[in-house]
Structures are given as structure tokens and as C-alpha cells.
$ cat final_36.cif   # mmCIF, C-alpha atoms
data_input
#
loop_
_atom_site.label_atom_id
_atom_site.label_comp_id
_atom_site.auth_asym_id
_atom_site.auth_seq_id
_atom_site.Cartn_x
_atom_site.Cartn_y
_atom_site.Cartn_z
CA MET A 1351 36.33 7.67 -47.84
CA SER A 1352 36.74 8.75 -44.28
CA PHE A 1353 35.37 12.16 -45.24
CA ARG A 1354 32.13 10.68 -46.57
CA LEU A 1355 31.75 8.46 -43.55
CA HIS A 1356 32.13 11.46 -41.23
CA VAL A 1357 29.37 13.39 -43.04
CA VAL A 1358 27.01 10.42 -42.83
CA THR A 1359 27.73 10.01 -39.09
CA VAL A 1360 27.00 13.71 -38.38
CA SER A 1361 23.81 13.62 -40.46
CA ALA A 1362 22.59 10.51 -38.67
CA GLY A 1363 23.33 12.15 -35.29
CA ILE A 1364 21.32 15.27 -36.18
CA ALA A 1365 18.41 13.15 -37.40
CA CYS A 1366 18.36 11.22 -34.10
CA MET A 1367 18.40 14.46 -32.07
CA MET A 1368 15.51 15.90 -34.09
CA ALA A 1369 13.48 12.73 -33.68
CA SER A 1370 13.93 12.72 -29.87
CA ALA A 1371 13.08 16.44 -29.65
CA ALA A 1372 9.90 15.84 -31.62
CA GLN A 1373 8.90 12.99 -29.31
CA ALA A 1374 9.55 15.14 -26.20
CA ALA A 1375 7.48 18.12 -27.40
CA THR A 1376 4.26 18.90 -25.52
CA PRO A 1377 1.18 18.09 -27.58
CA ILE A 1378 -0.85 21.08 -28.82
CA THR A 1379 -4.44 21.21 -27.63
CA VAL A 1380 -6.87 23.18 -29.76
CA THR A 1381 -9.84 24.71 -27.95
CA SER A 1382 -12.67 26.89 -29.14
CA GLN A 1383 -12.06 29.47 -26.40
CA ALA A 1384 -9.60 32.35 -26.56
CA ALA A 1385 -6.83 32.55 -23.99
CA THR A 1386 -7.99 34.14 -20.74
CA ASP A 1387 -4.90 36.31 -20.46
CA GLY A 1388 -5.27 38.01 -23.84
CA PRO A 1389 -6.22 41.65 -24.24
CA ILE A 1390 -9.86 42.48 -23.57
CA GLN A 1391 -11.54 45.73 -24.54
CA TYR A 1392 -13.56 47.21 -21.67
CA THR A 1393 -16.04 50.05 -22.13
CA VAL A 1394 -17.18 51.84 -18.97
CA LYS A 1395 -20.18 54.16 -19.10
CA VAL A 1396 -21.30 56.18 -16.07
CA THR A 1397 -24.74 57.78 -15.85
CA SER A 1398 -25.28 59.97 -12.77
CA LYS A 1399 -27.72 62.78 -11.99
CA VAL A 1400 -25.29 64.15 -9.40
CA PHE A 1401 -21.86 63.54 -10.94
CA GLY A 1402 -22.61 63.65 -14.67
CA ASN A 1403 -22.20 61.20 -17.51
CA ALA A 1404 -18.98 59.79 -18.96
CA GLN A 1405 -17.78 56.96 -21.16
CA ASP A 1406 -14.45 55.54 -22.34
CA THR A 1407 -13.02 52.33 -23.81
CA ARG A 1408 -9.67 50.79 -22.89
CA THR A 1409 -7.85 47.50 -23.48
CA ILE A 1410 -6.32 45.56 -20.57
CA ARG A 1411 -5.53 41.95 -19.66
CA SER A 1412 -6.96 39.69 -16.99
CA GLY A 1413 -5.43 40.49 -13.60
CA GLN A 1414 -4.60 44.08 -14.52
CA SER A 1415 -6.52 47.16 -13.46
CA ASP A 1416 -7.22 50.41 -15.22
CA ASP A 1417 -8.21 53.80 -13.84
CA TYR A 1418 -10.71 55.98 -15.64
CA THR A 1419 -10.88 59.66 -14.60
CA TRP A 1420 -13.31 62.20 -16.00
CA LYS A 1421 -13.38 65.89 -15.04
CA THR A 1422 -16.32 68.01 -16.17
CA VAL A 1423 -17.79 71.42 -15.45
CA PRO A 1424 -20.76 71.12 -13.05
CA PRO A 1425 -24.11 72.77 -13.80
CA GLY A 1426 -23.76 76.40 -12.78
CA GLY A 1427 -20.03 76.36 -13.48
CA PRO A 1428 -16.93 75.79 -11.36
CA VAL A 1429 -17.01 76.92 -7.72
CA ALA A 1430 -14.31 79.26 -6.39
CA ALA A 1431 -11.88 77.76 -3.89
CA THR A 1432 -8.70 78.97 -2.25
CA GLU A 1433 -5.73 76.96 -1.07
CA ASP A 1434 -6.70 77.92 2.50
CA CYS A 1435 -9.90 75.85 2.25
CA PRO A 1436 -9.71 72.60 4.23
CA ASP A 1437 -8.90 69.60 2.01
CA TYR A 1438 -8.19 71.88 -0.97
CA SER A 1439 -5.45 69.52 -2.18
CA SER A 1440 -7.98 66.68 -2.52
CA LEU A 1441 -10.51 68.71 -4.53
CA PRO A 1442 -10.71 68.36 -8.32
CA VAL A 1443 -9.96 71.83 -9.65
CA ASP A 1444 -9.65 73.44 -13.07
CA ALA A 1445 -6.71 75.51 -14.32
CA ASN A 1446 -8.02 78.52 -12.36
CA GLY A 1447 -8.18 76.61 -9.05
CA LYS A 1448 -11.99 76.37 -9.05
CA MET A 1449 -13.68 73.12 -8.02
CA ILE A 1450 -15.22 71.00 -10.79
CA ARG A 1451 -16.83 67.55 -10.97
CA GLN A 1452 -14.71 64.42 -11.06
CA ILE A 1453 -15.55 60.74 -11.53
CA GLN A 1454 -12.92 58.06 -10.93
CA VAL A 1455 -13.54 54.40 -11.74
CA ARG A 1456 -11.03 51.58 -11.30
CA VAL A 1457 -11.82 48.39 -13.22
CA ALA A 1458 -10.03 45.22 -12.08
CA PRO A 1459 -11.11 42.07 -13.97
CA VAL A 1460 -9.95 38.47 -13.63
CA VAL A 1461 -11.08 36.19 -16.45
CA ALA A 1462 -11.67 32.48 -15.80
CA LYS A 1463 -10.97 29.69 -18.29
CA ASP A 1464 -14.63 29.69 -19.34
CA GLY A 1465 -14.37 33.36 -20.39
CA VAL A 1466 -16.39 34.76 -17.48
CA ALA A 1467 -14.81 37.83 -15.87
CA THR A 1468 -15.02 38.52 -12.15
CA VAL A 1469 -14.84 42.31 -11.99
CA GLN A 1470 -14.20 44.71 -9.13
CA ILE A 1471 -15.31 48.30 -9.69
CA SER A 1472 -14.12 51.05 -7.39
CA PHE A 1473 -16.18 54.22 -7.89
CA GLN A 1474 -15.33 57.64 -6.41
CA ALA A 1475 -16.83 60.99 -7.32
CA GLN A 1476 -16.89 64.59 -6.14
CA THR A 1477 -18.89 67.62 -7.17
CA PRO A 1478 -19.43 71.08 -5.72
CA LYS A 1479 -22.91 71.90 -4.43
CA GLY A 1480 -22.63 75.61 -3.81
CA THR A 1481 -20.45 77.09 -1.10
CA LYS A 1482 -20.15 77.02 2.67
CA SER A 1483 -18.50 79.26 5.27
CA VAL A 1484 -15.51 77.70 6.95
CA THR A 1485 -13.24 79.05 9.69
CA ALA A 1486 -9.60 78.14 9.20
CA ASN A 1487 -6.61 79.68 11.00
CA GLY A 1488 -8.90 82.32 12.52
CA LYS A 1489 -10.24 83.43 9.13
CA THR A 1490 -13.72 82.93 7.74
CA LEU A 1491 -13.51 81.52 4.21
CA THR A 1492 -16.02 80.73 1.52
CA CYS A 1493 -15.21 77.24 0.26
CA PRO A 1494 -16.90 74.74 -2.03
CA ASN A 1495 -19.52 72.55 -0.38
CA ALA A 1496 -18.25 69.26 -1.81
CA THR A 1497 -20.50 66.25 -2.28
CA THR A 1498 -18.53 63.01 -2.38
CA PHE A 1499 -19.48 59.40 -2.92
CA SER A 1500 -17.57 56.13 -3.11
CA GLN A 1501 -18.53 52.48 -3.45
CA ILE A 1502 -16.85 49.19 -4.34
CA LEU A 1503 -18.74 46.51 -6.27
CA HIS A 1504 -17.99 42.94 -7.34
CA PHE A 1505 -19.82 41.11 -10.13
CA THR A 1506 -19.33 38.58 -12.90
CA MET A 1507 -19.90 39.12 -16.60
CA PRO A 1508 -19.18 37.45 -19.93
CA THR A 1509 -16.43 38.73 -22.21
CA ASN A 1510 -18.50 38.43 -25.40
CA GLY A 1511 -19.37 42.12 -25.73
CA SER A 1512 -22.63 42.09 -23.78
CA VAL A 1513 -23.27 44.90 -21.30
CA LYS A 1514 -23.54 44.48 -17.52
CA THR A 1515 -25.19 47.44 -15.75
CA VAL A 1516 -24.96 47.89 -11.99
CA SER A 1517 -26.68 50.50 -9.84
CA LEU A 1518 -24.83 52.22 -7.03
CA THR A 1519 -26.56 53.14 -3.77
CA ASP A 1520 -26.74 56.83 -4.78
CA GLY A 1521 -28.59 55.98 -8.03
CA THR A 1522 -25.56 56.22 -10.32
CA GLN A 1523 -25.45 53.52 -12.97
CA VAL A 1524 -22.22 51.99 -14.24
CA ALA A 1525 -22.44 49.93 -17.44
CA VAL A 1526 -19.48 47.74 -18.37
CA SER A 1527 -18.93 45.71 -21.53
CA ALA A 1528 -15.99 43.40 -22.17
CA LYS A 1529 -15.03 42.16 -25.60
CA ARG A 1530 -12.09 40.01 -26.70
#
$ encode --input "final_36.cif" --output "C-alpha cells"
Amino acid sequence: MSFRLHVVTVSAGIACMMASAAQAATPITVTSQAATDGPIQYTVKVTSKVFGNAQDTRTIRSGQSDDYTWKTVPPGGPVAATEDCPDYSSLPVDANGKMIRQIQVRVAPVVAKDGVATVQISFQAQTPKGTKSVTANGKTLTCPNATTFSQILHFTMPTNGSVKTVSLTDGTQVAVSAKR
């Protein structure tokens, strides 16, 4: 009989522990909105007369950032450059060391509880516009005449897939869509 009594005592103890754990659990709240920290698909489209056009789609979370980099051949082809040219290491070059166009966009969104994203866009671009004569270390060199542009923007947008288009001061347009 003591064996049966022991089993009943253990079973009653487990039942009491389960009941208190159930009472201590946090209630679940159901909302119609998705979590703000979930993955969001961002599409960035750049349209520029000077730097060219580019588009890509990535998935990131609120509070993260993502860097988009596009390298393309400029109209008229790549421009010859040598390592002796000033700032050569900062120029976008192809496999042959010739300067090409490059667009870099950093997207950094933070999504609020209501699903509205506050977005920071950092835009940087370079392209060759012919050549220029440069004197470096007593030598006259022919180097790319680089056109550069950069701008930082802040804006808000919904995360329902609609597109937000912003114009930069040089006329470049950046269209961003965000979809859960």
C-alpha cells in the first residue's frame, strides 16, 4: 500500500506544479500587425543619367543595414588609369585596372510598432568623365577625370510593398519598396 500512496503523492505534486506554472504564464496577445523585427524585403532601384541604372532586392530586419554596390561600364567604355594616379586606390576599376562606374547605397531601416519604417539612405557614386592631366612625383600622367556624388537622406515609408521614390540633388532618383 505504501507504494500506491507514493505514486499518488508524486502525481498530485506534479499536477500542482503544472497548475501554478499555467497561472504564472504571460497571457498571449493577438494583434493584426506583424512583428516589427521580422524580415522585410527591400527593393532599391536607382535611376541616374550620370551614374546609370541599377536594381536589387534583399531581405533584412529592422535595425540592420545593407549595402548595395553596382559596378557598370560607363558610356564610351572604361577609362585607363595607372596606380600612380592620385586616389587610384579609391577608384572603382575593372579587372584591367580601368575606371568604371560605381553606385553604392546603404539602406538602414527601423520599423515602428505601427509598421512604418524610418529609413536612412546613404548614396555614393563615381563615374569617369574623360581624362585629365595630373602631375605626380614629377611626372605628367593621364588619369580619369572622376565625377563623384554623395548624399544622405531620411524618410518614412510603409512596409506594405508600396514604393517610396526620393530625388537626390543631382537628379538621381532612388525608389525603395519594403514588403513583409
$ closest_residue --input "final_36.cif" --among "A:Asp1416, A:Tyr1392, A:Lys1421, A:Thr1492" --to "Met1507 (chain A)" --atoms "only C-alpha atoms"
A:Tyr1392
$ resolve_selection --input "final_36.cif" --expression "the PyMOL selection byres ((chain A and resi 1497) around 6)" --output "JSON, numbers by chain"
{"A": [1476, 1477, 1496, 1498]}
$ residues_around --input "final_36.cif" --residues "Thr1419 (chain A)" --least-positions-apart "3" --cutoff "8 Å" --atoms "only C-alpha atoms" --output "number ranges by chain"
A: 1452-1455
$ closest_residue --input "final_36.cif" --among "A:Lys1448, A:Lys1463, A:Lys1489, A:Arg1411" --to "Gly1427 (chain A)" --atoms "all atoms listed in the file"
A:Lys1448
$ resolve_selection --input "final_36.cif" --expression "the PyMOL selection byres ((chain A and resi 1413) around 7)" --output "list in words"
Arg1411, Ser1412, Gln1414, Ser1415, Ala1458, Pro1459 and Val1460 of chain A
$ atom_distance --input "final_36.cif" --atom1 "CA of Ala1525 (chain A)" --atom2 "CA of Gln1405 (chain A)"
9.2 Å
$ residues_around --input "final_36.cif" --residues "Gln1391 (chain A)" --least-positions-apart "3" --cutoff "12 Å" --atoms "all atoms listed in the file" --output "PDB file with C-alpha atoms, keeping the file's coordinate frame"
ATOM      1  CA  GLY A1388      -5.270  38.010 -23.840  1.00  0.00           C
ATOM      2  CA  VAL A1394     -17.180  51.840 -18.970  1.00  0.00           C
ATOM      3  CA  ASP A1406     -14.450  55.540 -22.340  1.00  0.00           C
ATOM      4  CA  THR A1407     -13.020  52.330 -23.810  1.00  0.00           C
ATOM      5  CA  ARG A1408      -9.670  50.790 -22.890  1.00  0.00           C
ATOM      6  CA  THR A1409      -7.850  47.500 -23.480  1.00  0.00           C
ATOM      7  CA  ILE A1410      -6.320  45.560 -20.570  1.00  0.00           C
ATOM      8  CA  ARG A1411      -5.530  41.950 -19.660  1.00  0.00           C
ATOM      9  CA  SER A1412      -6.960  39.690 -16.990  1.00  0.00           C
ATOM     10  CA  ASP A1416      -7.220  50.410 -15.220  1.00  0.00           C
ATOM     11  CA  VAL A1457     -11.820  48.390 -13.220  1.00  0.00           C
ATOM     12  CA  PRO A1459     -11.110  42.070 -13.970  1.00  0.00           C
ATOM     13  CA  THR A1509     -16.430  38.730 -22.210  1.00  0.00           C
ATOM     14  CA  ASN A1510     -18.500  38.430 -25.400  1.00  0.00           C
ATOM     15  CA  GLY A1511     -19.370  42.120 -25.730  1.00  0.00           C
ATOM     16  CA  SER A1512     -22.630  42.090 -23.780  1.00  0.00           C
ATOM     17  CA  VAL A1526     -19.480  47.740 -18.370  1.00  0.00           C
ATOM     18  CA  SER A1527     -18.930  45.710 -21.530  1.00  0.00           C
ATOM     19  CA  ALA A1528     -15.990  43.400 -22.170  1.00  0.00           C
ATOM     20  CA  LYS A1529     -15.030  42.160 -25.600  1.00  0.00           C
ATOM     21  CA  ARG A1530     -12.090  40.010 -26.700  1.00  0.00           C
TER      22      ARG A1530
END
$ residues_around --input "final_36.cif" --residues "Ile1502 (chain A)" --least-positions-apart "2" --cutoff "8 Å" --atoms "all atoms listed in the file" --output "ChimeraX atom specification"
/A:1470-1473,1500,1504
$ closest_residue --input "final_36.cif" --among "A:Thr1422, A:Thr1515, A:Pro1442, A:Met1449" --to "Thr1393 (chain A)" --atoms "only C-alpha atoms"
A:Thr1515
$ axis_aligned_box --input "final_36.cif" --around "region 1434-1444 of chain A" --padding-each-side "5 Å" --output "AutoDock Vina command-line options"
--center_x -8.1 --center_y 72.3 --center_z -4.4 --size_x 15.3 --size_y 21.2 --size_z 27.3
$ resolve_selection --input "final_36.cif" --expression "the PyMOL selection byres ((chain A and resi 1493) around 8)" --output "list in words"
Ala1430, Ala1431, Thr1432, Cys1435, Thr1481, Lys1482, Ser1483, Val1484, Leu1491, Thr1492, Pro1494 and Asn1495 of chain A
$ closest_residue --input "final_36.cif" --among "A:Val1461, A:Phe1505, A:Val1516, A:Arg1451" --to "Lys1399 (chain A)" --atoms "all atoms listed in the file"
A:Arg1451
$ residues_around --input "final_36.cif" --residues "Val1396 (chain A)" --least-positions-apart "4" --cutoff "6 Å" --atoms "only C-alpha atoms" --output "JSON list (two decimals) with C-alpha atoms, in the frame of the given file"
[["chain", "number", "residue", "atom", "x", "y", "z"],
["A", 1403, "ASN", "CA", -22.20, 61.20, -17.51],
["A", 1404, "ALA", "CA", -18.98, 59.79, -18.96],
["A", 1523, "GLN", "CA", -25.45, 53.52, -12.97],
["A", 1524, "VAL", "CA", -22.22, 51.99, -14.24]]
$ atom_distance --input "final_36.cif" --atom1 "CA of Lys1514 (chain A)" --atom2 "CA of Lys1395 (chain A)"
10.4 Å
$ atom_distance --input "final_36.cif" --atom1 "CA of Gly1521 (chain A)" --atom2 "CA of Ser1398 (chain A)"
7.0 Å
$ closest_residue --input "final_36.cif" --among "A:Pro1478, A:Pro1508, A:Pro1389, A:Pro1428" --to "Asn1446 (chain A)" --atoms "all atoms listed in the file"
A:Pro1428
$ decode --input "final_36.cif" --residues "region 1416-1449 of chain A" --atoms "C-alpha atoms" --output "PDB file, in the first residue's frame"
ATOM      1  CA  ASP A1416      22.513  46.520 -46.022  1.00  0.00           C
ATOM      2  CA  ASP A1417      24.966  47.754 -48.632  1.00  0.00           C
ATOM      3  CA  TYR A1418      24.136  47.593 -52.309  1.00  0.00           C
ATOM      4  CA  THR A1419      27.038  48.027 -54.766  1.00  0.00           C
ATOM      5  CA  TRP A1420      26.697  48.092 -58.537  1.00  0.00           C
ATOM      6  CA  LYS A1421      29.613  48.403 -60.966  1.00  0.00           C
ATOM      7  CA  THR A1422      28.868  49.050 -64.637  1.00  0.00           C
ATOM      8  CA  VAL A1423      30.731  50.068 -67.763  1.00  0.00           C
ATOM      9  CA  PRO A1424      30.223  53.793 -68.477  1.00  0.00           C
ATOM     10  CA  PRO A1425      29.149  55.048 -71.909  1.00  0.00           C
ATOM     11  CA  GLY A1426      32.286  55.153 -74.033  1.00  0.00           C
ATOM     12  CA  GLY A1427      33.864  52.321 -72.053  1.00  0.00           C
ATOM     13  CA  PRO A1428      36.251  52.155 -69.098  1.00  0.00           C
ATOM     14  CA  VAL A1429      38.884  54.893 -68.750  1.00  0.00           C
ATOM     15  CA  ALA A1430      42.560  53.973 -68.440  1.00  0.00           C
ATOM     16  CA  ALA A1431      44.172  54.623 -65.065  1.00  0.00           C
ATOM     17  CA  THR A1432      47.529  53.802 -63.541  1.00  0.00           C
ATOM     18  CA  GLU A1433      48.390  53.163 -59.924  1.00  0.00           C
ATOM     19  CA  ASP A1434      50.400  56.408 -59.997  1.00  0.00           C
ATOM     20  CA  CYS A1435      47.192  58.449 -60.430  1.00  0.00           C
ATOM     21  CA  PRO A1436      46.189  60.303 -57.256  1.00  0.00           C
ATOM     22  CA  ASP A1437      43.450  58.465 -55.327  1.00  0.00           C
ATOM     23  CA  TYR A1438      43.767  55.412 -57.594  1.00  0.00           C
ATOM     24  CA  SER A1439      43.011  53.103 -54.653  1.00  0.00           C
ATOM     25  CA  SER A1440      39.609  54.759 -54.161  1.00  0.00           C
ATOM     26  CA  LEU A1441      38.551  54.468 -57.816  1.00  0.00           C
ATOM     27  CA  PRO A1442      36.217  51.688 -58.957  1.00  0.00           C
ATOM     28  CA  VAL A1443      38.211  49.733 -61.522  1.00  0.00           C
ATOM     29  CA  ASP A1444      37.639  46.668 -63.679  1.00  0.00           C
ATOM     30  CA  ALA A1445      39.914  43.617 -63.893  1.00  0.00           C
ATOM     31  CA  ASN A1446      42.253  45.562 -66.219  1.00  0.00           C
ATOM     32  CA  GLY A1447      42.647  48.485 -63.793  1.00  0.00           C
ATOM     33  CA  LYS A1448      40.467  50.855 -65.849  1.00  0.00           C
ATOM     34  CA  MET A1449      37.962  53.116 -64.108  1.00  0.00           C
TER      35      MET A1449
END
